[in-house]
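Okay, structure first, notes after.
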Amino acid sequence: MFLTLGTSSAGLDVPATDLGFLLHKNPARPQSVEVTGGTAHVIYPEATAERCTAAVLLEIDPIALVRSRKGKAAEGFTLGQYVNDRPYAASSLLAVALGKLFRTAMNGRCDARPELAARAIPLEIRVPALPCSGGSALAERLFGPLGWTVDARPVPLDPEIPAWGDSRYVDLRLEGVVRLADALNHLYVLLPVLDDAKHYWVGSDEVEKLVRAGEGWLGAHPEKELISRRYLAHRRSLTDSALERLAEADGDVLADEVSAEVGDDSGVVSLAVQRRTAVLDVLRDVGARRVADLGCGEGLLVAELLKDGRYDEVVATDVSARALTFAERRLHVADMSDRQRERLRLFQSSVTYSDARLAGLDAAVLMEVVEHVDPPRLPALARAVFGAARPGAVVVTTPNSEYNVRFEKLAAGAFRHPDHRFEWTREEFREWAATVCRTYGYEVEFRAVGPDDPEVGPPTQLAVFRRAARLKEVG
């Protein structure tokens, strides 16, 4: 079995060989570790300041594997336990080897380069022989939503006899700007999922492994049920347990579980109400009829949209299954008329993953959402919303950190909400918006929400993105 993982200095401010620090494997020294039924080696076929590639070679002895009782008991015939593809094709054995070789890197820890471990970096991964039960399309479905550019090339049964067709193997190539820890956890989970086989007994401890390796990405993956089912060897009770665990850990904190954002309960008309009013005004201005509230939370904006007959379709999504359940209760979905229910689509999705169900809408709303996303994941958010979904207009609201000095309850330097990952100044918000426009072909207009202080600006900043082509059509 063979896998390569590389990076280049392009997009980095450090030599590419710093990959060795992240992997905790010195590029100048080959290293080996014993694994079940064989030996895993790490070598660096290239290690320069411009490019660095780590290669994992896993040597498997089928006889030693059977003697260790880690192989399947039945392969159709007894000889099949000894004569098979395990020494050559990526499988759960390679995933286990990755976990043993790069355990610290998978945990995201690097004392020598902590700032680099926390960053998304350009990565290229290749697995030349990967059993893919579902073909190239499944590889795209599994890795694509995670921000990877996927090239899964079917391997022919015999290059000299094209009429024989393709084998069940693919030559998998992945490119993306991803945190190294996330990349390794993607491989750890998805390699055995694509093979649809585990070469050891799957027990309840595998649920814990799946939840741990899938932290931060699996709970919102559109194929999480398929991934959980295959990873857990199609054992129904384990799959149900894993999905329940993922739902509990899938992200956003509900409004009734923590204090409201600082500022939302102040004034005659709360800032939260002013935000919703401002967003509704924008949606009317752009003439939207099919609208999505991305990160809908408890469904307050969705309720306002459903009250207005001008909206033919209202889409409500959130990364948290619990938030969606709460929203469903608040909206009284069970008691809706058939007409109302036909206008509403409520489903789980993440703003950092591309979701085909969101394509073709007139407008999408990200109301107080972006600041809950880790900064390294913001490019993925922009790619999913502005690149993949690509609505005619996007409305984004986010706190203006400059205004925080006006909140007496807020300590200096503190964020308005315990789940905020950052809070932008007006200049930082405008810089992010300008990058989005350049990259995805939108134009942007800024509006103030709340009192516009002459010194520090408004408490909430709002941006209206309109697709450039759409502007030309309207104009």
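Each chain of the structure tokens is named A, B, ... in the order shown, its residues numbered from 1; ligands are numbered from 1 in display order.
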So which residues touch Gly392 in chain A within 6 Å, counting only C-alpha atoms, skipping near sequence neighbours fewer than 6 positions away, as a ChimeraX atom specification? /A:362-363,466-467
Can I get the selected residues back with C-alpha atoms, as a PDB file, in the first residue's frame?
ATOM      1  CA  ASP A 362     -32.726  34.075  -5.539  1.00  0.00           C
ATOM      2  CA  ALA A 363     -31.111  34.986  -2.221  1.00  0.00           C
ATOM      3  CA  ARG A 466     -25.302  40.797  -5.757  1.00  0.00           C
ATOM      4  CA  ARG A 467     -24.061  38.567  -8.522  1.00  0.00           C
TER       5      ARG A 467
END
8 Å contact set for Thr149 in chain A, only C-alpha atoms, chain neighbours under 2 positions out, as a JSON list (two decimals) with C-alpha atoms, in the first residue's frame:
[["chain", "number", "residue", "atom", "x", "y", "z"],
["A", 143, "PHE", "CA", -14.19, 14.23, -0.31],
["A", 144, "GLY", "CA", -15.74, 17.05, -2.35],
["A", 147, "GLY", "CA", -13.09, 21.29, 0.37],
["A", 151, "ASP", "CA", -9.58, 13.42, -9.25],
["A", 174, "LEU", "CA", -6.81, 15.21, -3.77],
["A", 175, "GLU", "CA", -5.85, 18.88, -3.78],
["A", 176, "GLY", "CA", -7.02, 21.49, -1.32]]
Top pick for closest residue to Ile60 in chain A, considering A:Lys25, A:Val96, A:Met1, A:Asp308 and counting only C-alpha atoms: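 The closest residue to Ile60 in chain A is A:Met1.
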Taking the DSSP secondary structure from the backbone, can you list the residues of range 184-424 of chain A that are helix (DSSP H, G or I), as an MDAnalysis selection string? chainID A and resid 184:195 205:213 218:220 224:231 236:248 271:285 300:307 321:331 333:335 338:343 356:358 370:372 375:389 401:406
Smallest atom-to-atom distance to Leu23 in chain A: which of A:Pro131, A:Pro418, A:Gly299, A:Gly99, using only C-alpha atoms? A:Gly99
Could you find all residues in range 160-407 of chain A that DSSP calls strand (DSSP E) from the backbone, and write them as a ChimeraX atom specification? /A:166-179,290-294,313-318,344-348,363-367,393-399
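Note that CA of Glu46 in chain A and CA of Thr17 in chain A are 9.1 Å apart.
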All residues 10 Å or closer to Tyr188 in chain A, only C-alpha atoms, same chain fewer than 3 positions away omitted, as a ChimeraX atom specification: /A:91-99,106,182-185,191-193,209-210,213-214
Export of the given selection (C-alpha atoms) as a PDB file, in the first residue's frame:
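As written to disk, selection_19.pdb reads:
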ATOM      1  CA  SER A  91      -7.823  -0.154   3.097  1.00  0.00           C
ATOM      2  CA  SER A  92      -8.541   0.038   6.800  1.00  0.00           C
ATOM      3  CA  LEU A  93      -5.045  -1.329   7.335  1.00  0.00           C
ATOM      4  CA  LEU A  94      -3.598   1.854   5.836  1.00  0.00           C
ATOM      5  CA  ALA A  95      -5.973   3.958   7.934  1.00  0.00           C
ATOM      6  CA  VAL A  96      -4.773   2.199  11.094  1.00  0.00           C
ATOM      7  CA  ALA A  97      -1.155   2.763  10.018  1.00  0.00           C
ATOM      8  CA  LEU A  98      -1.831   6.480   9.506  1.00  0.00           C
ATOM      9  CA  GLY A  99      -3.306   6.655  12.996  1.00  0.00           C
ATOM     10  CA  MET A 106      -4.078  14.021  13.754  1.00  0.00           C
ATOM     11  CA  ASP A 182      -8.283  17.581   9.231  1.00  0.00           C
ATOM     12  CA  ALA A 183      -6.743  16.016   6.115  1.00  0.00           C
ATOM     13  CA  LEU A 184      -5.365  13.062   8.090  1.00  0.00           C
ATOM     14  CA  ASN A 185      -8.691  12.520   9.855  1.00  0.00           C
ATOM     15  CA  LEU A 191     -10.317   5.137   3.235  1.00  0.00           C
ATOM     16  CA  PRO A 192     -12.103   2.166   4.857  1.00  0.00           C
ATOM     17  CA  VAL A 193     -15.473   3.707   3.943  1.00  0.00           C
ATOM     18  CA  LYS A 209     -12.981   6.478  17.112  1.00  0.00           C
ATOM     19  CA  LEU A 210     -15.399   7.686  14.446  1.00  0.00           C
ATOM     20  CA  ALA A 213     -11.859  11.547  14.041  1.00  0.00           C
ATOM     21  CA  GLY A 214     -15.002  13.166  12.611  1.00  0.00           C
TER      22      GLY A 214
END
Find the distance between CA of Leu294 in chain A and CA of Ala364 in chain A and write it in Å to one decimal.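 Atom-to-atom, CA of Leu294 in chain A and CA of Ala364 in chain A are spaced 6.8 Å apart.
Between CA of Ala412 in chain A and CA of Glu428 in chain A lies a distance of 19.1 Å.
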If we count only C-alpha atoms, what is near range 401-404 of chain A at a cut-off of 10 Å, once residues fewer than 3 positions away on the same chain are taken out, given as a list of chain:residue names? A:Val262, A:Gly263, A:Thr398, A:Phe407, A:Glu408, A:Lys409, A:Leu410, A:Ala411, A:Ala412, A:Gly413, A:Ala414, A:Phe415, A:Arg416, A:Phe422, A:Glu423, A:Trp424, A:Thr425, A:Arg426, A:Glu428, A:Asp452, A:Asp453, A:Glu455, A:Val456, A:Gly457, A:Pro458, A:Pro459, A:Thr460, A:Gln461
Output N, CA and C atoms for every residue in that selection, as a short mmCIF file (atom, residue, chain, number, x, y, z; two decimals), in the first residue's frame.
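Written out: result-v4.cif:
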data_model
loop_
_atom_site.label_atom_id
_atom_site.label_comp_id
_atom_site.auth_asym_id
_atom_site.auth_seq_id
_atom_site.Cartn_x
_atom_site.Cartn_y
_atom_site.Cartn_z
N VAL A 262 -24.54 39.85 23.62
CA VAL A 262 -24.56 41.17 24.26
C VAL A 262 -25.09 42.20 23.26
N GLY A 263 -26.06 43.01 23.71
CA GLY A 263 -26.64 44.04 22.86
C GLY A 263 -27.98 43.67 22.29
N THR A 398 -22.99 40.77 10.61
CA THR A 398 -22.00 40.32 11.58
C THR A 398 -21.72 41.47 12.54
N PHE A 407 -20.82 48.85 24.86
CA PHE A 407 -21.58 47.91 25.70
C PHE A 407 -20.93 47.84 27.08
N GLU A 408 -21.61 48.36 28.10
CA GLU A 408 -21.05 48.39 29.45
C GLU A 408 -20.87 46.98 30.02
N LYS A 409 -21.72 46.04 29.60
CA LYS A 409 -21.64 44.69 30.15
C LYS A 409 -20.47 43.88 29.59
N LEU A 410 -19.84 44.40 28.55
CA LEU A 410 -18.81 43.63 27.84
C LEU A 410 -17.43 44.04 28.31
N ALA A 411 -16.66 43.05 28.78
CA ALA A 411 -15.29 43.33 29.21
C ALA A 411 -14.43 43.70 28.00
N ALA A 412 -13.39 44.47 28.24
CA ALA A 412 -12.49 44.89 27.17
C ALA A 412 -11.88 43.68 26.47
N GLY A 413 -11.97 43.66 25.16
CA GLY A 413 -11.40 42.57 24.38
C GLY A 413 -12.26 41.33 24.28
N ALA A 414 -13.39 41.30 25.00
CA ALA A 414 -14.26 40.12 24.98
C ALA A 414 -15.19 40.16 23.77
N PHE A 415 -15.64 38.97 23.35
CA PHE A 415 -16.61 38.87 22.27
C PHE A 415 -18.02 38.97 22.84
N ARG A 416 -18.98 39.27 21.97
CA ARG A 416 -20.36 39.44 22.41
C ARG A 416 -21.05 38.12 22.74
N PHE A 422 -14.42 35.04 16.19
CA PHE A 422 -13.77 36.33 15.93
C PHE A 422 -14.88 37.37 15.82
N GLU A 423 -14.51 38.64 15.82
CA GLU A 423 -15.43 39.72 15.51
C GLU A 423 -14.66 40.75 14.71
N TRP A 424 -15.19 41.14 13.55
CA TRP A 424 -14.48 42.00 12.61
C TRP A 424 -14.70 43.48 12.89
N THR A 425 -13.68 44.28 12.60
CA THR A 425 -13.86 45.72 12.47
C THR A 425 -14.53 45.99 11.12
N ARG A 426 -14.95 47.23 10.90
CA ARG A 426 -15.56 47.56 9.61
C ARG A 426 -14.57 47.36 8.46
N GLU A 428 -12.01 45.24 8.34
CA GLU A 428 -11.79 43.80 8.13
C GLU A 428 -12.95 43.16 7.38
N ASP A 452 -25.91 54.46 14.12
CA ASP A 452 -24.61 54.58 13.45
C ASP A 452 -23.77 55.63 14.19
N ASP A 453 -22.96 55.16 15.13
CA ASP A 453 -22.14 56.04 15.95
C ASP A 453 -21.08 56.72 15.07
N GLU A 455 -18.22 57.77 15.73
CA GLU A 455 -16.84 57.36 16.03
C GLU A 455 -16.58 55.90 15.73
N VAL A 456 -17.50 55.01 16.14
CA VAL A 456 -17.23 53.56 16.04
C VAL A 456 -18.18 52.83 15.10
N GLY A 457 -19.11 53.56 14.45
CA GLY A 457 -20.00 52.91 13.51
C GLY A 457 -21.18 52.23 14.18
N PRO A 458 -21.93 51.42 13.43
CA PRO A 458 -23.12 50.76 13.96
C PRO A 458 -22.77 49.49 14.73
N PRO A 459 -23.67 49.00 15.58
CA PRO A 459 -23.39 47.75 16.31
C PRO A 459 -23.32 46.53 15.39
N THR A 460 -24.13 46.54 14.34
CA THR A 460 -24.13 45.43 13.39
C THR A 460 -23.84 45.98 12.00
N GLN A 461 -22.97 45.28 11.27
CA GLN A 461 -22.68 45.67 9.89
C GLN A 461 -23.32 44.66 8.95
#
Using only C-alpha atoms, which residues sit within 10 Å of Thr439 in chain A once same-chain residues fewer than 2 positions away are excluded, as a ChimeraX atom specification? /A:382-383,386-387,433-437,441-442
Selection near Glu140 in chain A, 12 Å with only C-alpha atoms, sequence-local residues under 3 positions removed, as a list in words: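 Counting only the stated atoms, we get Cys132, Gly134, Gly135, Ser136, Ala137, Phe143, Gly144, Pro145, Leu146, Gly147, Trp148, Thr149, Val150, Asp151, Ala152, Arg153, Val170, Leu172, Arg173, Leu174, Leu190, Leu194, Glu223 and Ser354 of chain A.
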Leu101 in chain A proximity check over A:Leu123, A:Ala321, A:Leu57, A:Leu130, using only C-alpha atoms: winner is A:Leu57
